[in-house]
Each structure stands twice: as structure tokens, then as C-alpha cells.
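Visitor: Just one file: final.cif, with mmCIF, C-alpha atoms and all ligand atoms.
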```cif
data_start
loop_
_atom_site.label_atom_id
_atom_site.label_comp_id
_atom_site.auth_asym_id
_atom_site.auth_seq_id
_atom_site.Cartn_x
_atom_site.Cartn_y
_atom_site.Cartn_z
CA MET A 1 165.98 -57.80 -24.70
CA LEU A 2 169.26 -57.56 -22.80
CA LYS A 3 170.09 -54.15 -21.40
CA VAL A 4 173.58 -52.75 -20.96
CA LEU A 5 174.44 -49.52 -19.14
CA MET A 6 177.90 -48.04 -19.77
CA VAL A 7 179.07 -45.92 -16.85
CA CYS A 8 181.89 -43.43 -16.29
CA LEU A 9 182.26 -40.36 -14.10
CA GLY A 10 180.85 -37.50 -16.17
CA ASN A 11 178.95 -39.30 -18.99
CA ILE A 12 180.41 -36.94 -21.59
CA CYS A 13 183.57 -38.82 -22.69
CA ARG A 14 184.10 -42.56 -22.11
CA SER A 15 180.63 -43.97 -21.41
CA PRO A 16 178.93 -42.25 -24.37
CA MET A 17 181.76 -43.48 -26.61
CA ALA A 18 181.18 -46.98 -25.21
CA GLU A 19 177.41 -46.68 -25.64
CA PHE A 20 177.57 -45.71 -29.30
CA ILE A 21 180.46 -48.03 -30.23
CA PHE A 22 178.65 -50.95 -28.57
CA ARG A 23 175.40 -50.12 -30.35
CA ASP A 24 177.22 -49.90 -33.69
CA MET A 25 178.92 -53.28 -33.11
CA ALA A 26 175.64 -54.89 -32.04
CA LYS A 27 173.94 -53.56 -35.18
CA LYS A 28 176.72 -54.92 -37.39
CA ARG A 29 176.19 -58.35 -35.77
CA GLY A 30 172.43 -58.15 -36.41
CA LEU A 31 171.67 -57.85 -32.68
CA GLU A 32 170.12 -54.38 -32.57
CA GLU A 33 166.68 -55.78 -31.74
CA LYS A 34 168.08 -57.94 -28.95
CA ILE A 35 170.32 -55.52 -27.07
CA LEU A 36 169.62 -52.08 -25.69
CA CYS A 37 172.59 -49.95 -24.65
CA ALA A 38 172.57 -46.63 -22.78
CA SER A 39 175.09 -44.68 -20.68
CA ALA A 40 175.24 -42.61 -17.50
CA GLY A 41 177.71 -41.04 -15.10
CA THR A 42 178.25 -41.59 -11.41
CA SER A 43 178.45 -37.80 -10.90
CA ASP A 44 175.81 -35.19 -11.67
CA GLU A 45 178.46 -32.64 -12.66
CA GLU A 46 177.74 -32.78 -16.41
CA TRP A 47 173.98 -33.41 -16.25
CA GLY A 48 172.29 -32.31 -19.49
CA ASN A 49 175.54 -31.63 -21.35
CA PRO A 50 176.25 -33.02 -24.82
CA VAL A 51 179.07 -35.45 -25.61
CA TYR A 52 182.45 -33.69 -25.29
CA PRO A 53 183.61 -32.60 -28.78
CA PRO A 54 186.83 -34.70 -28.95
CA ALA A 55 184.81 -37.81 -28.04
CA ARG A 56 182.17 -36.84 -30.60
CA ARG A 57 184.92 -36.47 -33.25
CA LYS A 58 186.35 -39.91 -32.45
CA LEU A 59 182.89 -41.38 -32.98
CA TRP A 60 182.46 -39.45 -36.22
CA ALA A 61 185.78 -40.84 -37.47
CA LEU A 62 184.27 -44.32 -36.98
CA GLY A 63 181.16 -43.26 -38.90
CA ILE A 64 179.07 -43.09 -35.71
CA ASP A 65 176.73 -40.22 -34.82
CA CYS A 66 175.98 -39.78 -31.13
CA GLY A 67 173.09 -37.46 -31.99
CA GLU A 68 171.28 -35.75 -29.17
CA LYS A 69 172.82 -37.75 -26.31
CA ARG A 70 172.85 -35.71 -23.09
CA ALA A 71 174.63 -36.63 -19.87
CA ARG A 72 172.70 -38.00 -16.93
CA GLN A 73 173.59 -39.41 -13.54
CA MET A 74 172.85 -43.06 -12.85
CA SER A 75 170.51 -44.00 -10.02
CA LYS A 76 169.64 -47.07 -8.00
CA LYS A 77 166.67 -47.61 -10.34
CA ASP A 78 169.12 -48.38 -13.15
CA TYR A 79 170.31 -51.41 -11.18
CA GLY A 80 166.87 -52.97 -11.53
CA GLU A 81 166.45 -51.98 -15.17
CA PHE A 82 169.77 -53.08 -16.66
CA ASP A 83 171.28 -56.56 -16.92
CA TYR A 84 174.89 -55.38 -17.18
CA LEU A 85 176.30 -52.19 -15.68
CA LEU A 86 179.79 -51.78 -17.15
CA ALA A 87 182.24 -49.39 -15.49
CA MET A 88 185.08 -47.69 -17.34
CA GLU A 89 187.33 -47.89 -14.27
CA GLU A 90 187.38 -49.38 -10.79
CA ARG A 91 186.69 -45.99 -9.22
CA ASN A 92 183.42 -45.84 -11.20
CA ALA A 93 182.52 -49.40 -10.14
CA ALA A 94 183.04 -48.44 -6.48
CA ALA A 95 180.78 -45.38 -6.88
CA MET A 96 178.19 -47.54 -8.68
CA ARG A 97 178.16 -50.02 -5.79
CA ARG A 98 177.61 -47.09 -3.41
CA ILE A 99 174.72 -45.73 -5.51
CA CYS A 100 173.12 -49.17 -5.89
CA GLY A 101 173.59 -50.31 -2.28
CA GLY A 102 176.07 -53.01 -3.32
CA ASP A 103 175.86 -55.46 -6.22
CA PRO A 104 173.65 -58.33 -4.98
CA GLU A 105 173.00 -59.69 -8.48
CA GLY A 106 176.58 -59.43 -9.75
CA LYS A 107 175.70 -57.01 -12.54
CA ILE A 108 178.52 -54.49 -12.08
CA HIS A 109 181.70 -55.23 -14.06
CA LEU A 110 184.66 -53.43 -15.58
CA LEU A 111 184.50 -52.92 -19.35
CA LEU A 112 188.01 -54.40 -19.66
CA GLU A 113 187.48 -57.09 -17.02
CA ASN A 114 187.73 -59.94 -19.54
CA ALA A 115 190.63 -58.50 -21.54
CA PRO A 116 193.94 -60.40 -21.66
CA ALA A 117 195.26 -57.46 -19.65
CA PRO A 118 192.33 -56.42 -17.41
CA ARG A 119 192.58 -52.71 -16.68
CA ASP A 120 190.90 -49.37 -16.17
CA ILE A 121 190.22 -47.04 -19.08
CA ALA A 122 192.14 -43.85 -18.30
CA ASP A 123 189.97 -40.75 -18.28
CA PRO A 124 190.69 -38.74 -21.46
CA TRP A 125 189.13 -35.70 -19.77
CA TYR A 126 192.38 -35.60 -17.79
CA THR A 127 194.87 -37.38 -20.11
CA GLY A 128 193.70 -35.75 -23.37
CA ASP A 129 194.33 -39.14 -25.02
CA PHE A 130 191.08 -39.91 -26.79
CA ASP A 131 192.81 -42.31 -29.22
CA SER A 132 193.86 -44.74 -26.46
CA ALA A 133 190.50 -44.41 -24.71
CA CYS A 134 188.70 -45.21 -27.95
CA ARG A 135 190.91 -48.27 -28.68
CA ASP A 136 190.36 -49.57 -25.13
CA ILE A 137 186.63 -49.02 -25.43
CA GLN A 138 186.50 -50.86 -28.77
CA GLU A 139 188.37 -53.80 -27.20
CA GLY A 140 186.05 -53.94 -24.18
CA CYS A 141 182.87 -53.57 -26.23
CA ALA A 142 183.87 -56.43 -28.57
CA LEU A 143 184.63 -58.72 -25.62
CA TRP A 144 181.35 -57.97 -23.83
CA LEU A 145 179.41 -58.33 -27.05
CA ASP A 146 180.95 -61.81 -27.55
CA GLU A 147 179.82 -62.72 -24.04
CA ILE A 148 176.32 -61.30 -24.42
CA GLU A 149 175.87 -62.75 -27.91
CA LYS A 150 176.61 -66.22 -26.50
CA ARG A 151 173.88 -65.68 -23.88
CA ILE A 152 171.40 -64.52 -26.52
CA ARG A 153 172.07 -67.37 -28.96
CA LYS A 154 172.01 -70.12 -26.29
P1 LIG A 201 184.12 -39.06 -18.40
O1 LIG A 201 185.14 -37.85 -18.28
O2 LIG A 201 183.95 -39.61 -17.00
O3 LIG A 201 184.84 -40.04 -19.29
O4 LIG A 201 182.86 -38.52 -19.00
C1 LIG A 201 184.92 -36.76 -17.41
C2 LIG A 201 184.16 -35.69 -17.81
C3 LIG A 201 183.95 -34.60 -16.98
C4 LIG A 201 184.51 -34.60 -15.72
C5 LIG A 201 185.26 -35.68 -15.31
C6 LIG A 201 185.47 -36.77 -16.15
N1 LIG A 201 184.34 -33.50 -14.85
O5 LIG A 201 184.93 -33.50 -13.77
O6 LIG A 201 183.59 -32.57 -15.18
#
```
In C-alpha cells, what does this structure look like?
Ligand code: 4NP
Guide:
Amino acid sequence: MLKVLMVCLGNICRSPMAEFIFRDMAKKRGLEEKILCASAGTSDEEWGNPVYPPARRKLWALGIDCGEKRARQMSKKDYGEFDYLLAMEERNAAAMRRICGGDPEGKIHLLLENAPAPRDIADPWYTGDFDSACRDIQEGCALWLDEIEKRIRK
């Protein structure tokens, strides 16, 4: 079982969208038994809160239910438990490296690191643009799933 942790700042917008989109894609590729995906935030600001309604609605529009997901803050323990810790933006990756005491195993990456145009995913909490965030997240999830699927099927 390969384990993927999607990480943003609050864990109520981008990383839960990434978690549920990634899970849906993995299921459609028949990989749901092989990959576990969860999400967390680098901050504890939103701890216990549900997915932000506009993010929830974007998922609904894709036929995806994010159910009872509640925000949580990531911890150093997650570094040991997950194989890939995927940050929505460089600022998140920097905070993750601080929380984890560095990245000795090279597990921390940007979600859009392998995109033709590598970039951060702008925070829709501030931009209000959930459409662009969702498109970026779909692009990053598909690319990482290609990568992880290759590792699984090797
Ligand atoms: P997220 O968005 O990191 O994509 O979940 C945010 C949600 C809440 C806050 C910041 C970003 N906040 O400051 O409460």
C-alpha cells in the first residue's frame, strides 16, 4: 500500500480537494486497494472544521462526496507514515520541512512539480478562484498518479 498525504495551509480548501480527486482517479484506475490518500494542513487554524463549501461544491460537480472530512494539522509522525507528502505550494513545502525536521528521505514534493509548467496552486481562500484551483489539482493528481502507478505496476 502506497500512502499519499496532500498538504496545504488550512486543510479546508486545496488539500481536501486534492485528497478526494486523487482517490476518485485512483479508484477509476482500479488502484483503490493499492493507494491510500489523506490530507492535512500545516496550520492548526482550521482544526476540526469541515471542507469549505465552495470546495465541497466543486467536488460535488465532479460527482465526488468528501463526506465527513475534518481538517487536521500534519505532524512529524506523518513523515514516517506516508510515502509521498505533496504540497500545494512552495510555502507549504517549506512549512512541512520545518515540521518534519527536513526531508531526509525526499518525500516532500509540489503537486505541480512534474507539470510542463511547474507552479504553485494559488490559494482559493484568498483568490476566490476555485475553478482554477480545481483544474490545477486535477492536473497534478493525474501526473502523480501516473508516477505512482508506474511504481506499483513495476
Ligand atoms: P487551504 O486554504 O490552505 O487551501 O485550505 C486556506 C484555508 C483557511 C485559511 C487559509 C488558507 N485560514 O487562514 O484560515
Visitor: With all atoms listed in the file counted, collect every polymer residue having an atom within 7 Å of ligand LIG 201 (chain A); state the result as a PyMOL selection string.
Guide: chain A and resi 8-15+41+45-46+123-125
Visitor: Looking at A:Gly106, A:Lys76, A:Ala18, A:Ala61, which one is nearest to Ile121 of chain A, with distances taken over all atoms listed in the file?
Guide: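 Of all the options, A:Ala18 lies closest to Ile121 of chain A.
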Visitor: Of the candidates A:Gln73, A:Leu59, A:Thr42, A:Lys3, which shows the shortest atom-to-atom distance to Ala95 of chain A, using all atoms listed in the file?
Guide: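 Looking at the shortest contact to Ala95 of chain A, the residue is A:Thr42.
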Visitor: From the options A:Ala93, A:Ala133, A:Leu2, A:Ile108, which residue's atoms come nearest to Arg153 of chain A, counting all atoms listed in the file?
Guide: A:Leu2
Visitor: List as a PDB file with C-alpha atoms, in the frame of the given file the protein and nucleic acid residues near Arg57 of chain A, meaning an atom at most 12 Å away when all atoms listed in the file are counted, but skip any in the same chain fewer than 3 places from it.
Guide:
```pdb
ATOM      1  CA  CYS A  13     183.570 -38.820 -22.690  1.00  0.00           C
ATOM      2  CA  MET A  17     181.760 -43.480 -26.610  1.00  0.00           C
ATOM      3  CA  VAL A  51     179.070 -35.450 -25.610  1.00  0.00           C
ATOM      4  CA  TYR A  52     182.450 -33.690 -25.290  1.00  0.00           C
ATOM      5  CA  PRO A  53     183.610 -32.600 -28.780  1.00  0.00           C
ATOM      6  CA  PRO A  54     186.830 -34.700 -28.950  1.00  0.00           C
ATOM      7  CA  TRP A  60     182.460 -39.450 -36.220  1.00  0.00           C
ATOM      8  CA  ALA A  61     185.780 -40.840 -37.470  1.00  0.00           C
ATOM      9  CA  LEU A  62     184.270 -44.320 -36.980  1.00  0.00           C
ATOM     10  CA  GLY A  63     181.160 -43.260 -38.900  1.00  0.00           C
ATOM     11  CA  ILE A  64     179.070 -43.090 -35.710  1.00  0.00           C
ATOM     12  CA  ASP A  65     176.730 -40.220 -34.820  1.00  0.00           C
ATOM     13  CA  CYS A  66     175.980 -39.780 -31.130  1.00  0.00           C
ATOM     14  CA  GLY A  67     173.090 -37.460 -31.990  1.00  0.00           C
ATOM     15  CA  PHE A 130     191.080 -39.910 -26.790  1.00  0.00           C
ATOM     16  CA  ASP A 131     192.810 -42.310 -29.220  1.00  0.00           C
ATOM     17  CA  CYS A 134     188.700 -45.210 -27.950  1.00  0.00           C
TER      18      CYS A 134
END
```
Visitor: Kindly indicate which residue among A:Ile137, A:Val7, A:Ser39, A:Leu31 lies nearest to Met96 of chain A, using all atoms listed in the file for the distances.
Guide: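 Selected residue with least distance to Met96 of chain A: A:Val7.
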Visitor: Determine the nearest neighbour of Met1 of chain A from the options A:Ala94, A:Ala115, A:Ile148, A:Leu143, counting all atoms listed in the file.
Guide: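 Of all the options, A:Ile148 lies closest to Met1 of chain A.
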Visitor: Record the distance separating atom CA of Gly80 of chain A and atom CA of Leu5 of chain A, expressed in Å with one decimal.
Guide: 11.3 Å
Visitor: For segment 111-114 of chain A, please output as a list in words all residues within 6 Å (counting all atoms listed in the file; exclusion window: fewer than 5 positions along the same chain).
Guide: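 Neighbouring residues, sequence-local ones excluded: Leu86, Ala87, Met88, Arg119 and Gly140 of chain A.
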Visitor: Kindly give the distance, in Å, that separates atom CA of Lys27 of chain A and atom CA of Glu89 of chain A, rounded to a single decimal.
Guide: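 Atom-to-atom, atom CA of Lys27 of chain A to atom CA of Glu89 of chain A, that is 25.5 Å.
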Visitor: My list of candidates is A:Asp146, A:Asp78, A:Glu139, A:Asp24. Which is closest to Met6 of chain A when distances are computed with only C-alpha atoms?
Guide: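 Between A:Asp146, A:Asp78, A:Glu139, A:Asp24, the residue approaching Met6 of chain A most closely is A:Asp78.
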Visitor: Around (169.6, -64.4, -29.1) in the file's own coordinates, what residues are found within 12 Å if you use only C-alpha atoms, given back as a PyMOL selection string?
Guide: chain A and resi 1-2+26+29-35+145-154
Visitor: Within 7 Å of (171.4, -60.3, -15.3), in the coordinates the file gives, what residues turn up when you count only C-alpha atoms, written out as number ranges by chain?
Guide: A: 83-84, 107
Visitor: Tell me, in Å to one decimal, how far atom CA of Lys58 of chain A is from atom CA of Gly128 of chain A.
Guide: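 Result for atom CA of Lys58 of chain A versus atom CA of Gly128 of chain A: 12.4 Å, one decimal.
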